[in-house]
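Peer 1: Here you go, one structure.
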Amino acid sequence: MLKKLLVAGALAAMTLGASPVHAEFPERTVENIFPWSAGTALSVSQVIAKAMGEELGVSVPVISTPGAAGTKAFITAMNRPADGYTIFDGYVAPLVLQPVLGNADWTYKDFKPLHSAVSNAFSIGGRKGETRWTDFEGLMAYGKANPGKLRYSSGSRNNLPHMVIAKVLQSYGVVAQNIPYKTDGDARKDLKAGVLDFSFVNVGAYLQDKEGFEILLVLSELPGAKASYDGAPSITDMNIDLGLSGLAPMGWTWWLVHKDTPDDVADVLRAAMKRAMNRDDVKEQISRVGFVPLDWDHTQYDEIVGPVAGQLGAMSNALAWEEEELKKLR
Amino acid sequence: MLVDSLISGFGLFMTPLALGLTLLGVLFGLLVGALPGLGPLMGIILLLPVAIGLPPVAAMGFLIAIFVGGSCGGSISAILLRIPGTPLAAATLFDGYPMAQKGRASDAIGIAISSSALGGLFGGLVLIFAAPALARVASNFAPPEYTALAITGLIAIAVISDGSLIKGLISGGFGLLLATIGTDEFSTGYRFTFGSHHMLNGFHIVAVVVGLFAISEMAYQCMSGDLLAKPKITVARPGFRSVLTTLRHWKNLLRSSVIGGFFGALPGAGGVISSFTAYAVAKAMAKPEEKYGEGAEGGVVATESSNNATVGGTLVPSLALGIPGDASSAVLIGALLILGYFPGPTLFEQQPEIVGGIFLVYLASNVFLLIAGILATPLFVYVLRVPKVFLIPTVLLLCSIGTYALQASVFDLFVMLGFGLVGILLRAASYPLAPVVIGIILGPLLENNLRRSLLISQDGYWIFLDRPVSALLLGINVLLIAGAIWFAIRQGRKTGDVSEVTGQS
Amino acid sequence: MLGKKQVNWLVIVFFAIIIAVVFQQIHTSMTEQGIATGGPYDNAAAYPRAIAILIGLLLMLQAAVSWFREPTTDTDADELTMKQAYRPLALLGIFALYLGLLGVLGYHLTTTPMIIALLLVCGARPSLRIIVTAALIAFTLAYFFEAHLKVVLPGGIYGLNIPW
């Protein structure tokens with residue numbers, strides 16, 4: 001009896017769930033594997049996922065899978081079947097930066113792109129009422145005169161803001177100590193409390209408390225980024241050549257699927273995500289958080305991500321330089 | 001100004017949608033809280049996509065109510081089944097479960113719900129009257145202060161593991177070690193991951209807690225007697241009487257709510273630490289005849305009022321500074337941003353009606369929690385009448401699905417099972433389990449802030465004494481340790497080896 | 001089978017193994033990664049080492065206590081018999097098997113049999129009733145989590161998922 005029932009159940013389940021892989025994709029919930037802990041960026045991905053789900057006719061929950069600078073989420077998603085039911089929330093850190101640093105063995109070419117999602121520019125900010133300097137040049141002069149004395153935070157160690165800030169500091173010959181924090185908010189809190197000298201400040205954080213920060217340098221050459229910080233000086237104003245352009249100095253994510261995902265399945269997802277990203281309500285909700293909705297589709301993936309990978313690869317020595325210099329001072 | 005914002009927010013709050021969703025949120029929160037595995041954070045994440053399509057105050061009411069209900073719901077399973085539905089309720093089982101064993105399950109749940117609601121309301125008052133001032137104090141807590149505070153939290157282990165201080169400390173140390181597994185924030189190296197990508201972020205705390213408590217409890221439960229028998233438990237309906245019972249512990253209630261509100265306002269501390277601390281303090285200050293650990297009402301009052309006051313507390317830095325007090329409020333901030341409002345000082349100045357509306361939905365969620373929770377108590381208590389033969393498989397399955405849902409990971413389930421075995425072993429040898437949870441929660445706080453302090457410091461360990469608040473906290477710690485040693489010696493003399501039995505928790 | 005005394009020593013051995021693993025990892029994996037030395041920025045080994053040493057000291061203390069104190073208080077009580085141990089062992093065994101098969105066969109194929117097996121272990125008599133009950137528990141919970149909370153339960157290698 002028991003056996004019969006089991007077999008019957010199994011058969012029922014098979015016919016329900018395992019009909020030929022992509023007859024009417026998607027038949028069920030599609031999951032987005034998100035590489036960070038819960039926070040603002042998760043909410044942004046949820047906005048896109050919700051809209052995309054509406055376009056697909058199924059739910060798209062976003063699953064937070066933090067660990068090892070985002071690579072845990074990537075490995076987790078890679079171990080899932082290539083059936084289109086798993087989307088990689090392809091943040092630049094696990095997608096490009098960690099491979100560049102030698103911490104992951106894939107490249108951006110190992111994935112099938114769906115559509116670009118969002119970017120998030122950042123800046124170097126100090127606190128209001130700082131007496132030791134008035135602008136970025138002043139900060140650099142102070143740093144040069146006091147090697148190893150400045151404390152800053154890029155959030156985590158060896159993340160994209162760290163790399164870009166280290167590159168800027170390297171170009172000025174300034175050695176400063178990065179202090180890693182669990183969440184960016186804690187770092188900004190300590191900046192305001194006078195424990196840190198400067199910190200990376202993204203647009204969202206700036207919008208929340210414009211009076212609390214003195215934005216010293218916007219780390220992007222894009223005019224839009226400068227405008228988000230109410231016209232604070234950017235790397236173009238300072239004539240700093242970081243060798244970084246476009247998306248390279250900022251955070252962004254490009255949603256992807258497993259490389260072996262069938263094309264027709266990927267196309268369904270691409271079309272849905274494109275429609276979602278073109279919706280005004282989605283764009284508006286993303287912009288409110290201080291993120292920038294992106295509208296490159298999958299055909300532009302190589303053209304946009306390729307140069308980022310090249311540029312980040314070329315400046316990966318900035319982190320090593322900072323470590324070396326800090327060791328010398330000890 | 002403050003009253004103004006409440007009045008201006010009243011219109012946004014007094015809508016059927018906002019009120020209805022707040023009630024719905026509380027009920028959903030109680031459910032995800034009571035289910036082992038899922039907790040308030042997961043509840044909020046699951047329903048955020050729904051919330052961002054709503055008017056702002058209704059949306060925040062919905063999410064905050066889940067936070068409030070979820071912070072209380074865990075106590076229900078802790079009391080009835082000896083399984084903390086969330087880590088927040090790990091300290092509630094000390095006295096909640098013994099109360100239920102003595103036939104006072106309804107009372108215990110009634111007290112848990114009343115304390116949660118009253119503690120939550122207290123947290124709300126803190127939020128309304130002290131948010132900017134408290135936020136300023138909290139924002140001056142830097143890594144050295146957090147390090148000192150983490151040590152204070154560890155001292156709580158000494159108080160809650162009476163009779164087996166050494167065993168309690170070993171369990172706590174085990175928790176601290178467990179917290180080091182995964183990617184090190186500072187060196188970015190991998191510790192104890194054994195080459196497995198599953199381990200890159202360490203063990204999920206919920207998988208560990210569910211394993212330690214729930215799996216071991218089910219193994220113990222199925223050992224006892226006739227599992228087919230329908231338990232003959234006459235369940236008295238507590239009604240709103242339990243509010244009065246709770247109010248009789250007003251000193252404890254107030255003290256624990258202050259502790260909860262304070263820890264909530266400190267970003268990164270959170271409800272688990274506050275409930276353990278409140279319990280430890282309540283126990284240390286109680287008279288011996290109150291018999292903490294054997295079903296004292298005060299124990300439930302302390303933990304549940306503090307962990308719900310924490311919710312109000314966490315909203316302080318979140319709303320006043322835009323700095324999330326914990327992971328749940330980080331998601332709340334995300335939702336608020338998407339809705340088009342920037343938490344922070346400007347929100348108070350420019351959109352006081354939103355701030356007022358959020359205050360009101362928060363207060364309302366606690367009132368709804370009280371009413372809905374107490375009305376639903378008989379429903380919860382029904383669990384006790386289910387024969388164990390059905391209860392055990394269902395609980396095991398709920399633990400599995402609830403834990404799996406966190407990260408869609410089968411590995412987490414093996415972690416759960418593994419810690420189930422560890423839990424059985426530790427319980428068999430009378431090692432208290434709660435310190436493991438304290439260790440896991442405090443571990444990152446202690447290690448990371450210690451290393452952060454040393455990095456910030458220009459002259460090594462002196463940073464801890466150079467900063468007045470940190471020096472003060474360290475001084476208090478020294479006194480507490482001395483007190484704990486004295487307490488342990490006194491306890492040891494009085495009870496001798498017999499107390500080993502009570503170490504089982 | 002196992003008395004309190006033996007269990008006490010078992011736990012001491014358990015923690016001793018953990019301490020050994022900490023040191024083994026510091027000297028192999030962490031040293032290879034270059035995170036076992038240096039200042040607070042680079043040294044990831046100092047803190048776990050300190051905690052391990054602390055546990056070690058406490059463990060020695062506990063061992064001493066067990067050695068000198070407990071044998072007298074622990075002669076007849078708490079002997080766990082094989083009969084008592086059968087149910088929990090079977091429960092854990094079934095559960096472990098279930099988790100092992102969950103990833104391969106998926107939730108829907110494994111859960112009902114697991115519950116049936118647990119019901120039998122807990123003393124239920126084999127009948128159609130328990131099969132129906134088991135299936136009801138399994139599918140009701142699956143429906144609640146999959147259809148309402150949008151959790152995708154493990155589908156196994158066959159990708160068995162019910163599109164509710």
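Residue names in the structure tokens use chain letters A, B, ... in the order shown, residue numbers from 1 in each chain, and ligand numbers from 1 in the order shown.
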Using only C-alpha atoms, find the residues of chain B whose closest atom to chain C is at most 6 Å away, then write them as a list in words.

Peer 2: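 Result, ordered by chain then number: Ile170, Phe186, Ser187, Ala219, Val389, Pro393, Ala405, Ala429 and Arg451 of chain B.
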
Peer 1: Using only C-alpha atoms, which residues of chain C come within 7 Å of chain A, and what is the closest atom pair for each, with the distance in Å to one decimal? Give it as a tab-separated table, sorted by chain and residue number.

Peer 2:
```
residue	atom	partner	partner_atom	distance
C:Leu109	CA	A:Ala10	CA	6.0
C:Lys150	CA	A:Pro61	CA	6.8
C:Val152	CA	A:Thr29	CA	6.8
C:Tyr158	CA	A:Ala18	CA	6.8
C:Gly159	CA	A:Ala18	CA	6.1
C:Leu160	CA	A:Gly17	CA	4.9
C:Asn161	CA	A:Gly17	CA	4.7
C:Ile162	CA	A:Gly17	CA	5.1
C:Pro163	CA	A:Arg28	CA	5.2
```

Peer 1: Just the number, please: distance in Å from atom CA of B:Ile323 to atom CA of B:Pro267, one decimal.

Peer 2: 7.3 Å

Peer 1: Measuring between only C-alpha atoms, which one of B:Gly103, B:Met60, B:Leu35, B:Pro49 shows the shortest distance to B:Ala78?

Peer 2: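 Nearest candidate to B:Ala78 out of B:Gly103, B:Met60, B:Leu35, B:Pro49: B:Leu35.
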
Peer 1: Would you pick out the contacts of A:Ala141 at 9 Å or less, using only C-alpha atoms, so that residues sharing its chain but fewer than 5 positions from it are not included, and give the list as a PDB file with N, CA, C and O atoms, in the first residue's frame?

Peer 2:
```pdb
ATOM      1  N   TRP A 133      41.792  70.410   7.275  1.00  0.00           N
ATOM      2  CA  TRP A 133      41.840  70.700   5.842  1.00  0.00           C
ATOM      3  C   TRP A 133      40.482  71.217   5.394  1.00  0.00           C
ATOM      4  O   TRP A 133      39.481  71.038   6.099  1.00  0.00           O
ATOM      5  N   PHE A 136      39.959  68.468  -0.774  1.00  0.00           N
ATOM      6  CA  PHE A 136      40.646  67.207  -0.990  1.00  0.00           C
ATOM      7  C   PHE A 136      42.167  67.377  -1.067  1.00  0.00           C
ATOM      8  O   PHE A 136      42.923  66.590  -0.505  1.00  0.00           O
ATOM      9  N   ASN A 146      51.813  63.367   7.173  1.00  0.00           N
ATOM     10  CA  ASN A 146      51.648  62.437   8.301  1.00  0.00           C
ATOM     11  C   ASN A 146      51.420  61.016   7.797  1.00  0.00           C
ATOM     12  O   ASN A 146      50.326  60.481   7.902  1.00  0.00           O
ATOM     13  N   TYR A 172      48.731  60.203  -5.138  1.00  0.00           N
ATOM     14  CA  TYR A 172      49.227  61.334  -4.340  1.00  0.00           C
ATOM     15  C   TYR A 172      50.372  60.923  -3.423  1.00  0.00           C
ATOM     16  O   TYR A 172      50.903  61.747  -2.681  1.00  0.00           O
ATOM     17  N   VAL A 174      50.060  59.063  -0.752  1.00  0.00           N
ATOM     18  CA  VAL A 174      49.605  59.146   0.639  1.00  0.00           C
ATOM     19  C   VAL A 174      49.324  57.737   1.165  1.00  0.00           C
ATOM     20  O   VAL A 174      48.617  56.956   0.537  1.00  0.00           O
TER      21      VAL A 174
END
```

Peer 1: Pick out the chain A residues within 8 Å of chain B. Count only C-alpha atoms. Give them as a VMD selection string.

Peer 2: chain A and resid 38 to 44 46 to 47 50 61 63 to 68 72 75 to 76 149 151 156 to 158 177 179 to 182 185 to 186 189 to 190 192 to 193 195 to 196 205 207 to 209 285 to 286 288 to 289

Peer 1: Figure out the distance between atom CA of B:Leu442 and atom CA of B:Lys287, please, to one decimal in Å.

Peer 2: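 Rounded to one decimal, the two atoms are 28.5 Å apart.
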